[in-house]
$ cat upload_34.txt   # compact mmCIF, N, CA and C atoms
# COMPACT_ATOMS: atom_id res chain seq x y z
N MET A 1 124.27 -157.04 -66.55
CA MET A 1 123.78 -158.08 -65.66
C MET A 1 124.71 -158.26 -64.46
N GLU A 2 125.97 -158.07 -64.68
CA GLU A 2 126.95 -158.22 -63.60
C GLU A 2 126.76 -157.15 -62.52
N ARG A 3 126.37 -155.94 -62.93
CA ARG A 3 126.14 -154.88 -61.95
C ARG A 3 124.92 -155.18 -61.07
N ILE A 4 123.90 -155.75 -61.68
CA ILE A 4 122.71 -156.11 -60.92
C ILE A 4 123.04 -157.25 -59.96
N LYS A 5 123.82 -158.20 -60.43
CA LYS A 5 124.21 -159.33 -59.58
C LYS A 5 125.00 -158.86 -58.37
N SER A 6 125.85 -157.86 -58.56
CA SER A 6 126.68 -157.37 -57.44
C SER A 6 125.85 -156.66 -56.37
N LEU A 7 124.67 -156.19 -56.73
CA LEU A 7 123.79 -155.55 -55.74
C LEU A 7 123.27 -156.55 -54.72
N PHE A 8 123.14 -157.82 -55.11
CA PHE A 8 122.58 -158.84 -54.25
C PHE A 8 123.65 -159.76 -53.66
N THR A 9 124.90 -159.33 -53.69
CA THR A 9 126.00 -160.11 -53.16
C THR A 9 126.47 -159.46 -51.86
N ILE A 10 126.59 -160.27 -50.82
CA ILE A 10 127.09 -159.79 -49.53
C ILE A 10 128.61 -159.80 -49.60
N LYS A 11 129.22 -158.63 -49.45
CA LYS A 11 130.67 -158.52 -49.62
C LYS A 11 131.42 -158.31 -48.30
N THR A 12 130.80 -157.65 -47.35
CA THR A 12 131.49 -157.33 -46.09
C THR A 12 130.72 -157.91 -44.91
N LYS A 13 131.41 -157.97 -43.78
CA LYS A 13 130.74 -158.46 -42.57
C LYS A 13 129.65 -157.51 -42.11
N PHE A 14 129.84 -156.23 -42.36
CA PHE A 14 128.81 -155.25 -42.00
C PHE A 14 127.52 -155.54 -42.75
N GLU A 15 127.62 -155.81 -44.06
CA GLU A 15 126.43 -156.16 -44.84
C GLU A 15 125.82 -157.47 -44.34
N ALA A 16 126.66 -158.41 -43.96
CA ALA A 16 126.16 -159.68 -43.43
C ALA A 16 125.38 -159.46 -42.14
N PHE A 17 125.91 -158.61 -41.26
CA PHE A 17 125.22 -158.34 -40.01
C PHE A 17 123.91 -157.60 -40.24
N LEU A 18 123.85 -156.75 -41.26
CA LEU A 18 122.58 -156.08 -41.59
C LEU A 18 121.54 -157.09 -42.06
N VAL A 19 121.95 -158.04 -42.86
CA VAL A 19 121.03 -159.08 -43.33
C VAL A 19 120.56 -159.94 -42.16
N ILE A 20 121.48 -160.31 -41.28
CA ILE A 20 121.12 -161.12 -40.12
C ILE A 20 120.17 -160.34 -39.21
N TYR A 21 120.41 -159.05 -39.05
CA TYR A 21 119.52 -158.22 -38.24
C TYR A 21 118.11 -158.19 -38.83
N ALA A 22 118.02 -158.05 -40.15
CA ALA A 22 116.71 -158.05 -40.79
C ALA A 22 116.01 -159.40 -40.62
N LEU A 23 116.76 -160.48 -40.74
CA LEU A 23 116.19 -161.81 -40.49
C LEU A 23 115.69 -161.93 -39.06
N ALA A 24 116.45 -161.42 -38.12
CA ALA A 24 116.07 -161.50 -36.72
C ALA A 24 114.81 -160.70 -36.42
N LEU A 25 114.68 -159.53 -37.03
CA LEU A 25 113.47 -158.74 -36.83
C LEU A 25 112.24 -159.48 -37.35
N GLY A 26 112.37 -160.07 -38.53
CA GLY A 26 111.25 -160.82 -39.09
C GLY A 26 110.91 -162.05 -38.26
N ALA A 27 111.94 -162.74 -37.79
CA ALA A 27 111.70 -163.93 -36.99
C ALA A 27 111.07 -163.58 -35.64
N ALA A 28 111.49 -162.47 -35.05
CA ALA A 28 110.90 -162.06 -33.78
C ALA A 28 109.42 -161.71 -33.95
N GLU A 29 109.11 -161.03 -35.03
CA GLU A 29 107.72 -160.69 -35.30
C GLU A 29 106.89 -161.96 -35.55
N ARG A 30 107.45 -162.87 -36.32
CA ARG A 30 106.74 -164.12 -36.60
C ARG A 30 106.56 -164.94 -35.31
N GLY A 31 107.58 -164.96 -34.47
CA GLY A 31 107.47 -165.66 -33.19
C GLY A 31 106.40 -165.07 -32.31
N HIS A 32 106.30 -163.74 -32.32
CA HIS A 32 105.26 -163.06 -31.55
C HIS A 32 103.87 -163.46 -32.05
N VAL A 33 103.71 -163.53 -33.35
CA VAL A 33 102.43 -163.95 -33.93
C VAL A 33 102.12 -165.39 -33.57
N TYR A 34 103.13 -166.25 -33.62
CA TYR A 34 102.92 -167.65 -33.23
C TYR A 34 102.45 -167.76 -31.78
N MET A 35 103.05 -166.97 -30.89
CA MET A 35 102.65 -167.05 -29.49
C MET A 35 101.23 -166.54 -29.28
N GLN A 36 100.76 -165.62 -30.13
CA GLN A 36 99.39 -165.16 -30.02
C GLN A 36 98.41 -166.18 -30.60
N GLN A 37 98.80 -166.79 -31.74
CA GLN A 37 97.91 -167.74 -32.39
C GLN A 37 97.82 -169.06 -31.63
N TYR A 38 98.94 -169.50 -31.08
CA TYR A 38 99.01 -170.78 -30.39
C TYR A 38 99.47 -170.56 -28.95
N PRO A 39 98.57 -170.19 -28.07
CA PRO A 39 98.99 -169.95 -26.68
C PRO A 39 99.46 -171.25 -26.02
N GLY A 40 100.43 -171.09 -25.15
CA GLY A 40 100.95 -172.25 -24.43
C GLY A 40 102.28 -172.73 -24.99
N THR A 41 102.54 -173.99 -24.75
CA THR A 41 103.83 -174.56 -25.10
C THR A 41 104.06 -174.59 -26.61
N GLY A 42 103.01 -174.86 -27.39
CA GLY A 42 103.16 -174.92 -28.85
C GLY A 42 103.64 -173.61 -29.44
N GLY A 43 103.06 -172.52 -29.00
CA GLY A 43 103.48 -171.21 -29.49
C GLY A 43 104.90 -170.87 -29.09
N HIS A 44 105.26 -171.24 -27.87
CA HIS A 44 106.62 -170.96 -27.41
C HIS A 44 107.65 -171.77 -28.20
N LEU A 45 107.31 -173.01 -28.51
CA LEU A 45 108.23 -173.84 -29.29
C LEU A 45 108.39 -173.32 -30.72
N LEU A 46 107.29 -172.86 -31.31
CA LEU A 46 107.39 -172.28 -32.65
C LEU A 46 108.20 -170.99 -32.65
N ALA A 47 108.02 -170.16 -31.63
CA ALA A 47 108.81 -168.93 -31.51
C ALA A 47 110.29 -169.26 -31.32
N LEU A 48 110.58 -170.29 -30.54
CA LEU A 48 111.96 -170.72 -30.34
C LEU A 48 112.56 -171.24 -31.65
N ALA A 49 111.75 -171.92 -32.44
CA ALA A 49 112.24 -172.41 -33.74
C ALA A 49 112.56 -171.24 -34.67
N CYS A 50 111.78 -170.17 -34.60
CA CYS A 50 112.05 -168.99 -35.43
C CYS A 50 113.40 -168.37 -35.06
N SER A 51 113.65 -168.23 -33.77
CA SER A 51 114.92 -167.62 -33.36
C SER A 51 116.09 -168.57 -33.63
N GLY A 52 115.86 -169.86 -33.49
CA GLY A 52 116.92 -170.82 -33.80
C GLY A 52 117.29 -170.80 -35.27
N ALA A 53 116.31 -170.59 -36.13
CA ALA A 53 116.59 -170.52 -37.57
C ALA A 53 117.48 -169.32 -37.89
N VAL A 54 117.28 -168.23 -37.18
CA VAL A 54 118.13 -167.04 -37.41
C VAL A 54 119.57 -167.33 -37.00
N PHE A 55 119.75 -168.02 -35.88
CA PHE A 55 121.11 -168.36 -35.45
C PHE A 55 121.80 -169.26 -36.47
N MET A 56 121.08 -170.24 -37.00
CA MET A 56 121.68 -171.14 -37.99
C MET A 56 121.98 -170.41 -39.29
N ALA A 57 121.04 -169.59 -39.76
CA ALA A 57 121.26 -168.86 -41.01
C ALA A 57 122.38 -167.83 -40.85
N GLY A 58 122.42 -167.15 -39.71
CA GLY A 58 123.48 -166.17 -39.47
C GLY A 58 124.85 -166.81 -39.46
N GLY A 59 124.96 -167.96 -38.84
CA GLY A 59 126.23 -168.68 -38.83
C GLY A 59 126.66 -169.08 -40.22
N LYS A 60 125.71 -169.54 -41.02
CA LYS A 60 126.04 -169.95 -42.39
C LYS A 60 126.45 -168.74 -43.24
N ILE A 61 125.80 -167.61 -43.03
CA ILE A 61 126.15 -166.41 -43.80
C ILE A 61 127.58 -165.97 -43.47
N ILE A 62 127.91 -165.95 -42.18
CA ILE A 62 129.26 -165.54 -41.77
C ILE A 62 130.30 -166.54 -42.28
N ASP A 63 130.00 -167.84 -42.17
CA ASP A 63 130.93 -168.86 -42.66
C ASP A 63 131.13 -168.75 -44.17
N ALA A 64 130.04 -168.51 -44.89
CA ALA A 64 130.15 -168.39 -46.34
C ALA A 64 130.97 -167.17 -46.73
N LEU A 65 130.83 -166.10 -45.99
CA LEU A 65 131.61 -164.90 -46.26
C LEU A 65 133.09 -165.14 -46.03
N ASP A 66 133.43 -165.83 -44.93
CA ASP A 66 134.83 -166.17 -44.66
C ASP A 66 135.37 -167.12 -45.73
N TYR A 67 134.55 -168.07 -46.14
CA TYR A 67 134.96 -169.03 -47.18
C TYR A 67 135.21 -168.30 -48.50
N GLN A 68 134.32 -167.35 -48.83
CA GLN A 68 134.45 -166.60 -50.08
C GLN A 68 135.73 -165.76 -50.08
N ARG A 69 136.07 -165.19 -48.95
CA ARG A 69 137.31 -164.40 -48.85
C ARG A 69 138.55 -165.28 -49.02
N GLY A 70 138.43 -166.53 -48.56
CA GLY A 70 139.56 -167.46 -48.67
C GLY A 70 139.86 -167.86 -50.09
N LEU A 71 138.86 -167.80 -50.95
CA LEU A 71 139.08 -168.17 -52.35
C LEU A 71 139.72 -167.03 -53.05
$ encode --input "upload_34.txt" --output "structure tokens"
Amino acid sequence: MERIKSLFTIKTKFEAFLVIYALALGAAERGHVYMQQYPGTGGHLLALACSGAVFMAGGKIIDALDYQRGL
């Protein structure tokens, strides 16, 4: 079980950046869909919220990695 758990643990900054990149790709695609479904200001605000969520999650991932190294 420990070996399986280690597969889903982010250990290096490189792995963290890969996860953040994958989140960003998904958020960009979702934002594009929002802008098509909701033309105008509403779609733009939803797309902005998608990209903002990636920035917040990316910051938390990097902070958690630094915190984990400190322990």
$ closest_atom_pairs --input "upload_34.txt" --of "range 1-32 of chain A" --to "range 56-66 of chain A" --cutoff "8 Å" --atoms "all atoms listed in the file" --output "CSV"
residue,atom,partner,partner_atom,distance
A:Ile10,C,A:Leu65,CA,6.8
A:Lys11,C,A:Leu65,CA,6.9
A:Thr12,C,A:Leu65,CA,7.2
A:Lys13,CA,A:Ile62,CA,7.3
A:Ala16,CA,A:Ile61,C,6.4
A:Phe17,N,A:Ile62,N,7.7
A:Val19,C,A:Gly58,CA,7.4
A:Ile20,CA,A:Gly58,CA,5.6
A:Tyr21,N,A:Gly58,CA,7.8
$ atom_distance --input "upload_34.txt" --atom1 "CA of Ala27 in chain A" --atom2 "CA of Gly40 in chain A"
18.5 Å
$ closest_residue --input "upload_34.txt" --among "A:Leu18, A:Met1, A:Leu48, A:Leu7" --to "Tyr34 in chain A" --atoms "only C-alpha atoms"
A:Leu48
$ residues_near_point --input "upload_34.txt" --point "(108.6, -170.4, -29.6)" --cutoff "12 Å" --atoms "only C-alpha atoms" --output "PyMOL selection string"
chain A and resi 27-53
$ axis_aligned_box --input "upload_34.txt" --around "range 47-64 of chain A" --padding-each-side "8 Å" --output "JSON"
{"center_x": 119.6, "center_y": -169.0, "center_z": -38.5, "size_x": 39.1, "size_y": 22.9, "size_z": 32.4}
$ select_by_dssp --input "upload_34.txt" --residues "range 1-45 of chain A" --states "alpha helix (DSSP H)" --output "count of residues only"
36
$ atom_distance --input "upload_34.txt" --atom1 "CA of Gly26 in chain A" --atom2 "atom C of Phe55 in chain A"
13.8 Å
